[in-house]
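K.L.:
My structure file run-v2.pdb, PDB, C-alpha atoms and all ligand atoms, is below:
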ATOM      1  CA  MET A   1       7.984  -1.585  15.420
ATOM      2  CA  SER A   2      10.820  -0.169  13.296
ATOM      3  CA  LYS A   3      12.278   3.317  13.809
ATOM      4  CA  LYS A   4      10.534   4.444  10.629
ATOM      5  CA  GLY A   5       7.184   3.598  12.206
ATOM      6  CA  GLN A   6       4.651   1.228  10.830
ATOM      7  CA  GLY A   7       4.531   0.841   7.047
ATOM      8  CA  SER A   8       1.401   1.552   5.027
ATOM      9  CA  LEU A   9      -0.997  -0.934   3.548
ATOM     10  CA  VAL A  10      -1.298  -0.009  -0.128
ATOM     11  CA  VAL A  11      -3.945  -1.615  -2.314
ATOM     12  CA  VAL A  12      -3.342  -1.352  -6.051
ATOM     13  CA  SER A  13      -6.218  -2.338  -8.306
ATOM     14  CA  GLY A  14      -6.999  -1.737 -11.925
ATOM     15  CA  PHE A  15      -8.508  -3.317 -14.986
ATOM     16  CA  SER A  16      -6.747  -6.501 -15.967
ATOM     17  CA  GLY A  17      -3.981  -5.626 -18.434
ATOM     18  CA  THR A  18      -3.533  -2.015 -17.242
ATOM     19  CA  GLY A  19      -0.037  -2.738 -15.971
ATOM     20  CA  LYS A  20      -0.432  -3.243 -12.191
ATOM     21  CA  GLY A  21       2.112  -6.057 -12.127
ATOM     22  CA  THR A  22       4.560  -4.077 -14.252
ATOM     23  CA  VAL A  23       4.244  -0.912 -12.120
ATOM     24  CA  MET A  24       4.631  -2.777  -8.829
ATOM     25  CA  LYS A  25       7.601  -4.805 -10.069
ATOM     26  CA  ARG A  26       9.357  -1.546 -11.017
ATOM     27  CA  LEU A  27       8.540   0.047  -7.653
ATOM     28  CA  LEU A  28       9.934  -2.971  -5.781
ATOM     29  CA  GLU A  29      13.111  -2.898  -7.881
ATOM     30  CA  GLU A  30      13.683   0.819  -7.362
ATOM     31  CA  LYS A  31      12.705   1.363  -3.720
ATOM     32  CA  GLU A  32      13.692  -0.666  -0.721
ATOM     33  CA  ASP A  33      10.864   0.160   1.674
ATOM     34  CA  TYR A  34       8.239  -1.823  -0.214
ATOM     35  CA  ALA A  35       7.173  -5.439   0.154
ATOM     36  CA  LEU A  36       4.787  -7.315  -2.085
ATOM     37  CA  SER A  37       2.074  -9.476  -0.631
ATOM     38  CA  VAL A  38       1.903 -12.730  -2.584
ATOM     39  CA  SER A  39      -1.681 -13.956  -2.851
ATOM     40  CA  VAL A  40      -2.973 -17.491  -2.976
ATOM     41  CA  THR A  41      -5.059 -18.461  -5.997
ATOM     42  CA  THR A  42      -6.819 -21.482  -7.434
ATOM     43  CA  ARG A  43      -6.171 -20.307 -11.013
ATOM     44  CA  PRO A  44      -3.560 -22.332 -12.921
ATOM     45  CA  PRO A  45      -0.122 -20.708 -13.353
ATOM     46  CA  ARG A  46       0.530 -18.826 -16.583
ATOM     47  CA  GLU A  47       3.636 -19.609 -18.553
ATOM     48  CA  GLY A  48       6.622 -18.134 -16.725
ATOM     49  CA  GLU A  49       4.822 -17.790 -13.372
ATOM     50  CA  GLU A  50       6.471 -19.390 -10.383
ATOM     51  CA  ASN A  51       4.830 -20.753  -7.256
ATOM     52  CA  GLY A  52       5.576 -18.324  -4.407
ATOM     53  CA  ARG A  53       6.591 -15.463  -6.716
ATOM     54  CA  GLU A  54       3.457 -14.288  -8.588
ATOM     55  CA  TYR A  55       1.109 -16.404  -6.466
ATOM     56  CA  PHE A  56       0.959 -19.415  -4.252
ATOM     57  CA  PHE A  57      -0.996 -21.774  -6.512
ATOM     58  CA  ILE A  58      -3.269 -23.923  -4.377
ATOM     59  CA  THR A  59      -6.284 -26.211  -4.748
ATOM     60  CA  GLU A  60      -9.894 -25.292  -3.993
ATOM     61  CA  GLU A  61      -9.709 -27.539  -0.912
ATOM     62  CA  GLN A  62      -6.569 -25.781   0.396
ATOM     63  CA  PHE A  63      -8.266 -22.442  -0.255
ATOM     64  CA  ARG A  64     -11.345 -23.453   1.754
ATOM     65  CA  GLU A  65      -9.072 -24.630   4.583
ATOM     66  CA  MET A  66      -7.322 -21.221   4.715
ATOM     67  CA  ILE A  67     -10.722 -19.519   4.979
ATOM     68  CA  ARG A  68     -11.785 -21.912   7.758
ATOM     69  CA  SER A  69      -8.640 -21.250   9.768
ATOM     70  CA  ASP A  70      -8.968 -17.470   9.283
ATOM     71  CA  GLU A  71      -5.589 -17.104   7.558
ATOM     72  CA  LEU A  72      -6.825 -14.708   4.863
ATOM     73  CA  LEU A  73      -7.043 -10.956   5.277
ATOM     74  CA  GLU A  74      -9.591 -10.938   2.443
ATOM     75  CA  TYR A  75     -10.584 -13.155  -0.452
ATOM     76  CA  ALA A  76     -12.721 -12.947  -3.573
ATOM     77  CA  THR A  77     -13.763 -14.768  -6.712
ATOM     78  CA  TYR A  78     -12.584 -13.338 -10.016
ATOM     79  CA  VAL A  79     -13.668 -14.795 -13.378
ATOM     80  CA  SER A  80     -14.226 -18.362 -12.010
ATOM     81  CA  HIS A  81     -11.182 -18.563  -9.717
ATOM     82  CA  SER A  82     -10.572 -17.758  -6.051
ATOM     83  CA  TYR A  83      -7.908 -15.322  -4.844
ATOM     84  CA  GLY A  84      -6.921 -14.380  -1.287
ATOM     85  CA  THR A  85      -4.359 -12.414   0.746
ATOM     86  CA  PRO A  86      -2.509 -14.313   3.506
ATOM     87  CA  ALA A  87      -2.696 -12.031   6.568
ATOM     88  CA  ALA A  88       0.442 -12.992   8.549
ATOM     89  CA  TYR A  89       2.998 -11.736   5.996
ATOM     90  CA  VAL A  90       1.207  -8.397   5.567
ATOM     91  CA  PHE A  91       1.276  -7.547   9.280
ATOM     92  CA  GLU A  92       4.833  -8.779   9.793
ATOM     93  CA  LYS A  93       6.165  -6.525   7.010
ATOM     94  CA  MET A  94       4.142  -3.479   8.139
ATOM     95  CA  GLU A  95       5.550  -3.903  11.654
ATOM     96  CA  GLN A  96       9.043  -3.872  10.112
ATOM     97  CA  GLY A  97       8.232  -0.481   8.540
ATOM     98  CA  GLN A  98       7.699  -1.772   5.006
ATOM     99  CA  ASN A  99       4.869  -0.455   2.827
ATOM    100  CA  VAL A 100       2.984  -3.566   1.819
ATOM    101  CA  LEU A 101       1.569  -3.642  -1.702
ATOM    102  CA  LEU A 102      -1.572  -5.673  -2.323
ATOM    103  CA  GLU A 103      -2.515  -6.203  -5.954
ATOM    104  CA  ILE A 104      -6.109  -7.213  -5.523
ATOM    105  CA  ASP A 105      -9.442  -6.699  -7.217
ATOM    106  CA  ILE A 106     -12.146  -4.240  -6.222
ATOM    107  CA  GLN A 107     -14.111  -6.648  -4.019
ATOM    108  CA  GLY A 108     -10.955  -7.367  -2.021
ATOM    109  CA  ALA A 109      -9.979  -3.696  -1.868
ATOM    110  CA  LEU A 110     -13.317  -2.721  -0.368
ATOM    111  CA  LYS A 111     -13.040  -5.490   2.246
ATOM    112  CA  VAL A 112      -9.559  -4.287   3.208
ATOM    113  CA  LYS A 113     -10.783  -0.673   3.496
ATOM    114  CA  ALA A 114     -13.706  -1.759   5.695
ATOM    115  CA  LYS A 115     -11.324  -3.616   8.043
ATOM    116  CA  TYR A 116      -8.458  -1.069   7.874
ATOM    117  CA  PRO A 117      -9.751   2.396   7.013
ATOM    118  CA  GLU A 118      -6.184   3.732   6.988
ATOM    119  CA  ALA A 119      -5.332   1.528   3.959
ATOM    120  CA  LEU A 120      -4.476   3.522   0.840
ATOM    121  CA  LEU A 121      -6.531   2.493  -2.199
ATOM    122  CA  VAL A 122      -5.016   3.301  -5.594
ATOM    123  CA  PHE A 123      -6.673   2.481  -8.899
ATOM    124  CA  LEU A 124      -4.614   2.312 -12.102
ATOM    125  CA  ILE A 125      -6.221   3.032 -15.442
ATOM    126  CA  PRO A 126      -4.811   2.728 -18.966
ATOM    127  CA  PRO A 127      -4.638   5.834 -21.164
ATOM    128  CA  SER A 128      -7.583   4.460 -23.229
ATOM    129  CA  ALA A 129      -9.822   1.398 -23.683
ATOM    130  CA  GLU A 130      -8.119   0.619 -26.990
ATOM    131  CA  GLU A 131      -4.699   0.656 -25.272
ATOM    132  CA  LEU A 132      -6.075  -1.707 -22.607
ATOM    133  CA  ARG A 133      -7.237  -4.145 -25.279
ATOM    134  CA  ARG A 134      -3.851  -3.847 -26.978
ATOM    135  CA  ARG A 135      -1.950  -4.542 -23.731
ATOM    136  CA  LEU A 136      -4.120  -7.550 -22.874
ATOM    137  CA  VAL A 137      -3.626  -9.004 -26.351
ATOM    138  CA  SER A 138       0.116  -8.224 -26.437
ATOM    139  CA  ARG A 139       0.670  -9.862 -23.047
ATOM    140  CA  GLY A 140      -0.418 -13.041 -24.820
ATOM    141  CA  THR A 141      -1.300 -14.927 -21.634
ATOM    142  CA  GLU A 142      -5.055 -15.358 -22.161
ATOM    143  CA  ASP A 143      -7.177 -16.745 -24.945
ATOM    144  CA  TRP A 144      -9.588 -14.450 -26.752
ATOM    145  CA  GLU A 145     -12.628 -15.551 -24.728
ATOM    146  CA  THR A 146     -10.880 -14.755 -21.435
ATOM    147  CA  ILE A 147      -9.733 -11.377 -22.783
ATOM    148  CA  VAL A 148     -13.327 -10.479 -23.649
ATOM    149  CA  ARG A 149     -14.504 -11.568 -20.165
ATOM    150  CA  ARG A 150     -11.768  -9.489 -18.554
ATOM    151  CA  LEU A 151     -12.694  -6.438 -20.657
ATOM    152  CA  ALA A 152     -16.354  -6.917 -19.630
ATOM    153  CA  ARG A 153     -15.270  -7.129 -16.018
ATOM    154  CA  ALA A 154     -13.268  -3.895 -16.493
ATOM    155  CA  ALA A 155     -16.417  -2.095 -17.684
ATOM    156  CA  GLU A 156     -18.271  -3.274 -14.539
ATOM    157  CA  GLU A 157     -15.397  -2.306 -12.233
ATOM    158  CA  ALA A 158     -15.359   1.246 -13.620
ATOM    159  CA  ASP A 159     -18.532   1.934 -11.586
ATOM    160  CA  VAL A 160     -16.870   1.280  -8.219
ATOM    161  CA  VAL A 161     -13.744   3.378  -8.661
ATOM    162  CA  SER A 162     -15.117   6.253  -6.577
ATOM    163  CA  ALA A 163     -14.336   4.191  -3.438
ATOM    164  CA  TYR A 164     -10.603   4.602  -4.157
ATOM    165  CA  ASP A 165      -8.374   7.329  -2.719
ATOM    166  CA  TYR A 166      -6.439   7.961  -5.952
ATOM    167  CA  VAL A 167      -6.671   7.088  -9.643
ATOM    168  CA  LEU A 168      -3.407   7.017 -11.607
ATOM    169  CA  VAL A 169      -3.061   6.776 -15.378
ATOM    170  CA  ASN A 170      -0.433   4.237 -16.404
ATOM    171  CA  ASP A 171       0.659   5.873 -19.635
ATOM    172  CA  ASP A 172       4.356   6.550 -19.129
ATOM    173  CA  LEU A 173       5.592   3.771 -16.842
ATOM    174  CA  ASP A 174       8.267   5.795 -15.000
ATOM    175  CA  GLN A 175       5.875   8.653 -14.274
ATOM    176  CA  CYS A 176       3.251   6.273 -12.952
ATOM    177  CA  VAL A 177       5.759   4.536 -10.642
ATOM    178  CA  ASP A 178       6.994   7.901  -9.319
ATOM    179  CA  ALA A 179       3.460   9.132  -8.695
ATOM    180  CA  LEU A 180       2.566   5.970  -6.777
ATOM    181  CA  ASP A 181       5.669   6.273  -4.598
ATOM    182  CA  ARG A 182       4.936   9.950  -3.865
ATOM    183  CA  ILE A 183       1.366   9.160  -2.822
ATOM    184  CA  VAL A 184       2.597   6.439  -0.452
ATOM    185  CA  GLN A 185       5.239   8.700   1.094
ATOM    186  CA  ILE A 186       2.703  11.487   1.634
ATOM    187  CA  GLN A 187       0.303   9.010   3.230
ATOM    188  CA  ARG A 188       2.867   8.472   5.982
ATOM    189  CA  SER A 189       2.368  12.076   7.095
ATOM    190  CA  ARG A 190      -1.400  11.909   7.445
ATOM    191  CA  THR A 191      -2.458  13.237  10.833
ATOM    192  CA  PRO A 192      -3.756   9.998  12.421
ATOM    193  CA  ARG A 193      -0.395   8.337  11.701
ATOM    194  CA  MET A 194       1.589  11.228  13.229
ATOM    195  CA  LEU A 195      -0.348  11.627  16.481
ATOM    196  CA  ASP A 196       2.049   9.351  18.406
ATOM    197  CA  ALA A 197       5.017  11.474  17.312
ATOM    198  CA  VAL A 198       3.196  14.647  18.376
ATOM    199  CA  ALA A 199       2.303  13.079  21.748
ATOM    200  CA  ARG A 200       5.964  12.136  22.352
ATOM    201  CA  ILE A 201       7.081  15.710  21.741
ATOM    202  CA  LYS A 202       4.350  16.980  24.053
ATOM    203  CA  ASP A 203       5.570  14.652  26.857
ATOM    204  CA  ASP A 204       9.155  15.753  26.318
ATOM    205  CA  LEU A 205       8.113  19.403  26.344
ATOM    206  CA  ARG A 206       6.419  18.879  29.689
ATOM    207  CA  ARG A 207       9.605  17.374  31.102
ATOM    208  CA  ILE A 208      11.663  20.252  29.749
ATOM    209  CA  ILE A 209       9.242  22.821  31.217
ATOM    210  CA  GLU A 210       9.492  21.119  34.629
ATOM    211  CA  ASN A 211      13.342  21.056  34.518
ATOM    212  CA  PRO A 212      14.342  23.734  32.041
ATOM    213  CA  GLN A 213      18.059  23.715  33.022
ATOM    214  CA  GLU A 214      18.556  19.981  32.757
ATOM    215  CA  ALA A 215      20.233  18.937  29.522
ATOM    216  CA  GLU A 216      19.458  15.563  27.878
TER     217      GLU A 216
HETATM  218  P1  LIG B   1      -1.939  -6.250 -15.031
HETATM  219  O1  LIG B   1      -1.027  -6.729 -13.924
HETATM  220  O2  LIG B   1      -2.639  -4.969 -14.698
HETATM  221  O3  LIG B   1      -2.909  -7.298 -15.517
HETATM  222  P2  LIG B   1       0.524  -6.317 -16.642
HETATM  223  O4  LIG B   1       1.512  -5.689 -15.704
HETATM  224  O5  LIG B   1       0.619  -7.790 -16.875
HETATM  225  O6  LIG B   1      -0.988  -5.897 -16.287
HETATM  226  O7  LIG B   1       0.691  -5.541 -18.036
HETATM  227  C1  LIG B   1      -0.090  -5.887 -19.193
HETATM  228  C2  LIG B   1       0.751  -5.627 -20.447
HETATM  229  O8  LIG B   1       0.899  -4.206 -20.613
HETATM  230  C3  LIG B   1       2.143  -6.209 -20.371
HETATM  231  O9  LIG B   1       2.467  -6.750 -21.633
HETATM  232  C4  LIG B   1       3.031  -5.006 -20.022
HETATM  233  O10 LIG B   1       4.329  -5.149 -20.518
HETATM  234  C5  LIG B   1       2.296  -3.855 -20.692
HETATM  235  N1  LIG B   1       2.464  -2.556 -19.993
HETATM  236  C6  LIG B   1       2.408  -2.314 -18.658
HETATM  237  N2  LIG B   1       2.593  -1.001 -18.375
HETATM  238  C7  LIG B   1       2.782  -0.393 -19.583
HETATM  239  C8  LIG B   1       3.013   0.987 -19.979
HETATM  240  N3  LIG B   1       3.105   1.981 -19.088
HETATM  241  N4  LIG B   1       3.152   1.237 -21.285
HETATM  242  C9  LIG B   1       3.060   0.230 -22.208
HETATM  243  N5  LIG B   1       2.834  -1.075 -21.925
HETATM  244  C10 LIG B   1       2.697  -1.385 -20.626
HETATM  245  P1  LIG B   2      -4.787 -12.474 -12.514
HETATM  246  O1  LIG B   2      -5.506 -13.775 -12.768
HETATM  247  O2  LIG B   2      -4.746 -11.599 -13.750
HETATM  248  O3  LIG B   2      -3.428 -12.674 -11.899
HETATM  249  O4  LIG B   2      -5.648 -11.673 -11.424
HETATM  250  C1  LIG B   2      -7.018 -11.484 -11.643
HETATM  251  C2  LIG B   2      -7.544 -10.456 -10.653
HETATM  252  O5  LIG B   2      -7.455 -10.976  -9.321
HETATM  253  C3  LIG B   2      -6.782  -9.141 -10.669
HETATM  254  O6  LIG B   2      -7.737  -8.075 -10.640
HETATM  255  C4  LIG B   2      -5.999  -9.178  -9.367
HETATM  256  O7  LIG B   2      -5.778  -7.885  -8.879
HETATM  257  C5  LIG B   2      -6.949  -9.965  -8.479
HETATM  258  N1  LIG B   2      -6.278 -10.585  -7.317
HETATM  259  C6  LIG B   2      -5.055 -11.125  -7.242
HETATM  260  N2  LIG B   2      -4.791 -11.559  -5.997
HETATM  261  C7  LIG B   2      -5.886 -11.251  -5.245
HETATM  262  C8  LIG B   2      -6.217 -11.418  -3.853
HETATM  263  O8  LIG B   2      -5.455 -11.929  -3.036
HETATM  264  N3  LIG B   2      -7.444 -10.990  -3.465
HETATM  265  C9  LIG B   2      -8.318 -10.403  -4.332
HETATM  266  N4  LIG B   2      -9.482  -9.982  -3.838
HETATM  267  N5  LIG B   2      -8.039 -10.225  -5.640
HETATM  268  C10 LIG B   2      -6.841 -10.643  -6.093
END
Using the file provided, produce a representation of the structure as structure tokens.
Ligand code: ADP
Ligand code: 5GP

P.N.:
Amino acid sequence: MSKKGQGSLVVVSGFSGTGKGTVMKRLLEEKEDYALSVSVTTRPPREGEENGREYFFITEEQFREMIRSDELLEYATYVSHSYGTPAAYVFEKMEQGQNVLLEIDIQGALKVKAKYPEALLVFLIPPSAEELRRRLVSRGTEDWETIVRRLARAAEEADVVSAYDYVLVNDDLDQCVDALDRIVQIQRSRTPRMLDAVARIKDDLRRIIENPQEAE
């Protein structure tokens, strides 16, 4: 493990079009101790998306094979396509002290929390429903029917938000990025994560008490 200790597992969810991708991209550009988990999906790439950058685009058969060989930390179906988080990369980066960002839907987030209760679950919301519709339309990556399905899904997801640790409003982008970073940094000081450090000091104190004159 790195000197900084193990990194945090940070799940970022939010209604489609809220700005999760935009917020995480900014955080990765500005801070060095973050790594982004790249999911696998069976959905076709959008214009401008690159295999291995936004997603690893794979077939249904490849997806089933990854489930069979237990390579996915979690997986879920979202509006007719499958999405999953490859486990190996996540653990490797956390061991290196990086905070690993997972941009996954609510079903996936709840599975991650059940497996790793110390995961931090953050839900992003837009300033208003009208602004969400505007952002989805202005992104211009989905047809109208898909936008309506995604808005309907957003209304359903609103009921499950209480399972999250924090809800952040993505109104001003810079403020939202700062708030997310602050939450992650504070998470590192939560008591269960600091018990090893406390135990080390306790051991050292015992040694000092036994040999008070002996310098390091
Ligand atoms: P998501 O990943 O949640 O589906 P995106 O990151 O693709 O959403 O953002 C959806 C659209 O909203 C994009 O066109 C993006 O530029 C815009 N957007 C994101 N954050 C903000 C913000 N804080 N203010 C205004 N527009 C934003
Ligand atoms: P999109 O098609 O807009 O890229 O993503 C659709 C939804 O799938 C979003 O809510 C996104 O967070 C979610 N998603 C992306 N990757 C994963 C994943 O690996 N697992 C789960 N459970 N959801 C994912």

K.L.:
Just say which residues the PyMOL selection byres (((chain A and resi 91) around 12) and not hetatm) picks in this file, as a list in words.

P.N.:
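Matching residues under the PyMOL selection byres (((chain A and resi 91) around 12) and not hetatm) are Met1, Gln6, Gly7, Ser8, Leu9, Ala35, Leu36, Ser37, Glu71, Leu72, Leu73, Thr85, Pro86, Ala87, Ala88, Tyr89, Val90, Glu92, Lys93, Met94, Glu95, Gln96, Gly97, Gln98, Asn99, Val100, Leu101 and Tyr116 of chain A.
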
K.L.:
Would you mind exporting the chosen residues as a tab-separated table (two decimals), in the coordinates of the input, restricted to C-alpha atoms?

P.N.:
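selection11.tsv written:
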chain	number	residue	atom	x	y	z
A	1	MET	CA	7.98	-1.58	15.42
A	6	GLN	CA	4.65	1.23	10.83
A	7	GLY	CA	4.53	0.84	7.05
A	8	SER	CA	1.40	1.55	5.03
A	9	LEU	CA	-1.00	-0.93	3.55
A	35	ALA	CA	7.17	-5.44	0.15
A	36	LEU	CA	4.79	-7.32	-2.08
A	37	SER	CA	2.07	-9.48	-0.63
A	71	GLU	CA	-5.59	-17.10	7.56
A	72	LEU	CA	-6.82	-14.71	4.86
A	73	LEU	CA	-7.04	-10.96	5.28
A	85	THR	CA	-4.36	-12.41	0.75
A	86	PRO	CA	-2.51	-14.31	3.51
A	87	ALA	CA	-2.70	-12.03	6.57
A	88	ALA	CA	0.44	-12.99	8.55
A	89	TYR	CA	3.00	-11.74	6.00
A	90	VAL	CA	1.21	-8.40	5.57
A	92	GLU	CA	4.83	-8.78	9.79
A	93	LYS	CA	6.16	-6.52	7.01
A	94	MET	CA	4.14	-3.48	8.14
A	95	GLU	CA	5.55	-3.90	11.65
A	96	GLN	CA	9.04	-3.87	10.11
A	97	GLY	CA	8.23	-0.48	8.54
A	98	GLN	CA	7.70	-1.77	5.01
A	99	ASN	CA	4.87	-0.46	2.83
A	100	VAL	CA	2.98	-3.57	1.82
A	101	LEU	CA	1.57	-3.64	-1.70
A	116	TYR	CA	-8.46	-1.07	7.87

K.L.:
Which residues, written as a ChimeraX atom specification, have at least one atom at most 9 Å from Ala109 of chain A, with only C-alpha atoms counted and residues fewer than 5 positions away on the same chain left out?

P.N.:
/A:11-13,74,102-104,114,121,164

K.L.:
Per residue of chain A within 7 Å of ligand LIG 2 (chain B), which atom pair is closest and at what distance in Å (one decimal), using only C-alpha atoms and all ligand atoms, listed by chain and increasing number, as CSV?

P.N.:
residue,atom,partner,partner_atom,distance
A:Ser13,CA,B:LIG2,O7,5.6
A:Gly14,CA,B:LIG2,O6,6.5
A:Phe15,CA,B:LIG2,O6,6.5
A:Ser16,CA,B:LIG2,O6,5.6
A:Ser39,CA,B:LIG2,O8,4.3
A:Val40,CA,B:LIG2,O8,6.1
A:Thr41,CA,B:LIG2,N2,6.9
A:Arg43,CA,B:LIG2,O1,6.8
A:Glu74,CA,B:LIG2,N3,6.3
A:Tyr75,CA,B:LIG2,N4,4.8
A:Ala76,CA,B:LIG2,N4,4.4
A:Tyr78,CA,B:LIG2,O5,5.7
A:Tyr83,CA,B:LIG2,C8,4.4
A:Gly84,CA,B:LIG2,O8,3.3
A:Thr85,CA,B:LIG2,O8,4.0
A:Glu103,CA,B:LIG2,O7,4.7
A:Ile104,CA,B:LIG2,O7,3.4
A:Asp105,CA,B:LIG2,O6,4.1
A:Ile106,CA,B:LIG2,N4,6.8
A:Gln107,CA,B:LIG2,N4,5.7
A:Gly108,CA,B:LIG2,N4,3.5
A:Ala109,CA,B:LIG2,N4,6.6

K.L.:
With distances taken over all atoms listed in the file, which of A:Glu65, A:Asp171, A:Asp70, A:Asp204 is nearest to ligand LIG 1 (chain B)?

P.N.:
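Looking at the shortest contact to ligand LIG 1 (chain B), the residue is A:Asp171.
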
K.L.:
Calculated over only C-alpha atoms and all ligand atoms, which of the candidates A:Val160, A:Leu110, A:Leu195, A:Leu151 has the smallest distance to ligand LIG 1 (chain B)?

P.N.:
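Among the listed residues, A:Leu151 lies closest to ligand LIG 1 (chain B).
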
K.L.:
Restricting the calculation to only C-alpha atoms and all ligand atoms, which member of A:Ala119, A:Ala129, A:Leu173, A:Ile201 is positioned closest to ligand LIG 1 (chain B)?

P.N.:
A:Leu173

K.L.:
Within 8 Å of ligand LIG 1 (chain B) (counting all atoms listed in the file), which residues show up? I'd like them as an MDAnalysis selection string.

P.N.:
chainID A and resid 13:23 124 126 132 134:136 138:140 170:174 176

K.L.:
Work out how far atom CA of Thr42 of chain A is from atom CA of His81 of chain A, in Å to one decimal.

P.N.:
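Between atom CA of His81 of chain A and atom CA of Thr42 of chain A the gap works out to 5.7 Å.
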
K.L.:
Distance atom CA of Gln62 of chain A-atom CA of Ser80 of chain A, one decimal place?

P.N.:
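According to the coordinates, atom CA of Gln62 of chain A and atom CA of Ser80 of chain A are separated by 16.4 Å.
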
K.L.:
So how many Å separate atom CA of Phe57 of chain A and atom CA of Ile125 of chain A, to one decimal?

P.N.:
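Atom-to-atom, atom CA of Phe57 of chain A to atom CA of Ile125 of chain A, that is 26.9 Å.
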
K.L.:
Quick one: of A:Glu60, A:Ile147, A:Leu180, A:Gly52, who's nearest to Arg26 of chain A, counting all atoms listed in the file?

P.N.:
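The closest residue to Arg26 of chain A is A:Leu180.
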
K.L.:
Quick one: everything within 10 Å of Gln187 of chain A, counting only C-alpha atoms, minus sequence neighbours fewer than 2 positions away in the same chain. Send it as a ChimeraX atom specification.

P.N.:
/A:7-8,10,118-120,181-185,189-191,193

K.L.:
Draw an axis-aligned box over all listed atoms of segment 199-206 of chain A, pad each side with 5 Å, and write its centre and edge lengths in Å, one decimal, as JSON.

P.N.:
{"center_x": 5.7, "center_y": 15.8, "center_z": 25.7, "size_x": 16.9, "size_y": 17.3, "size_z": 17.9}
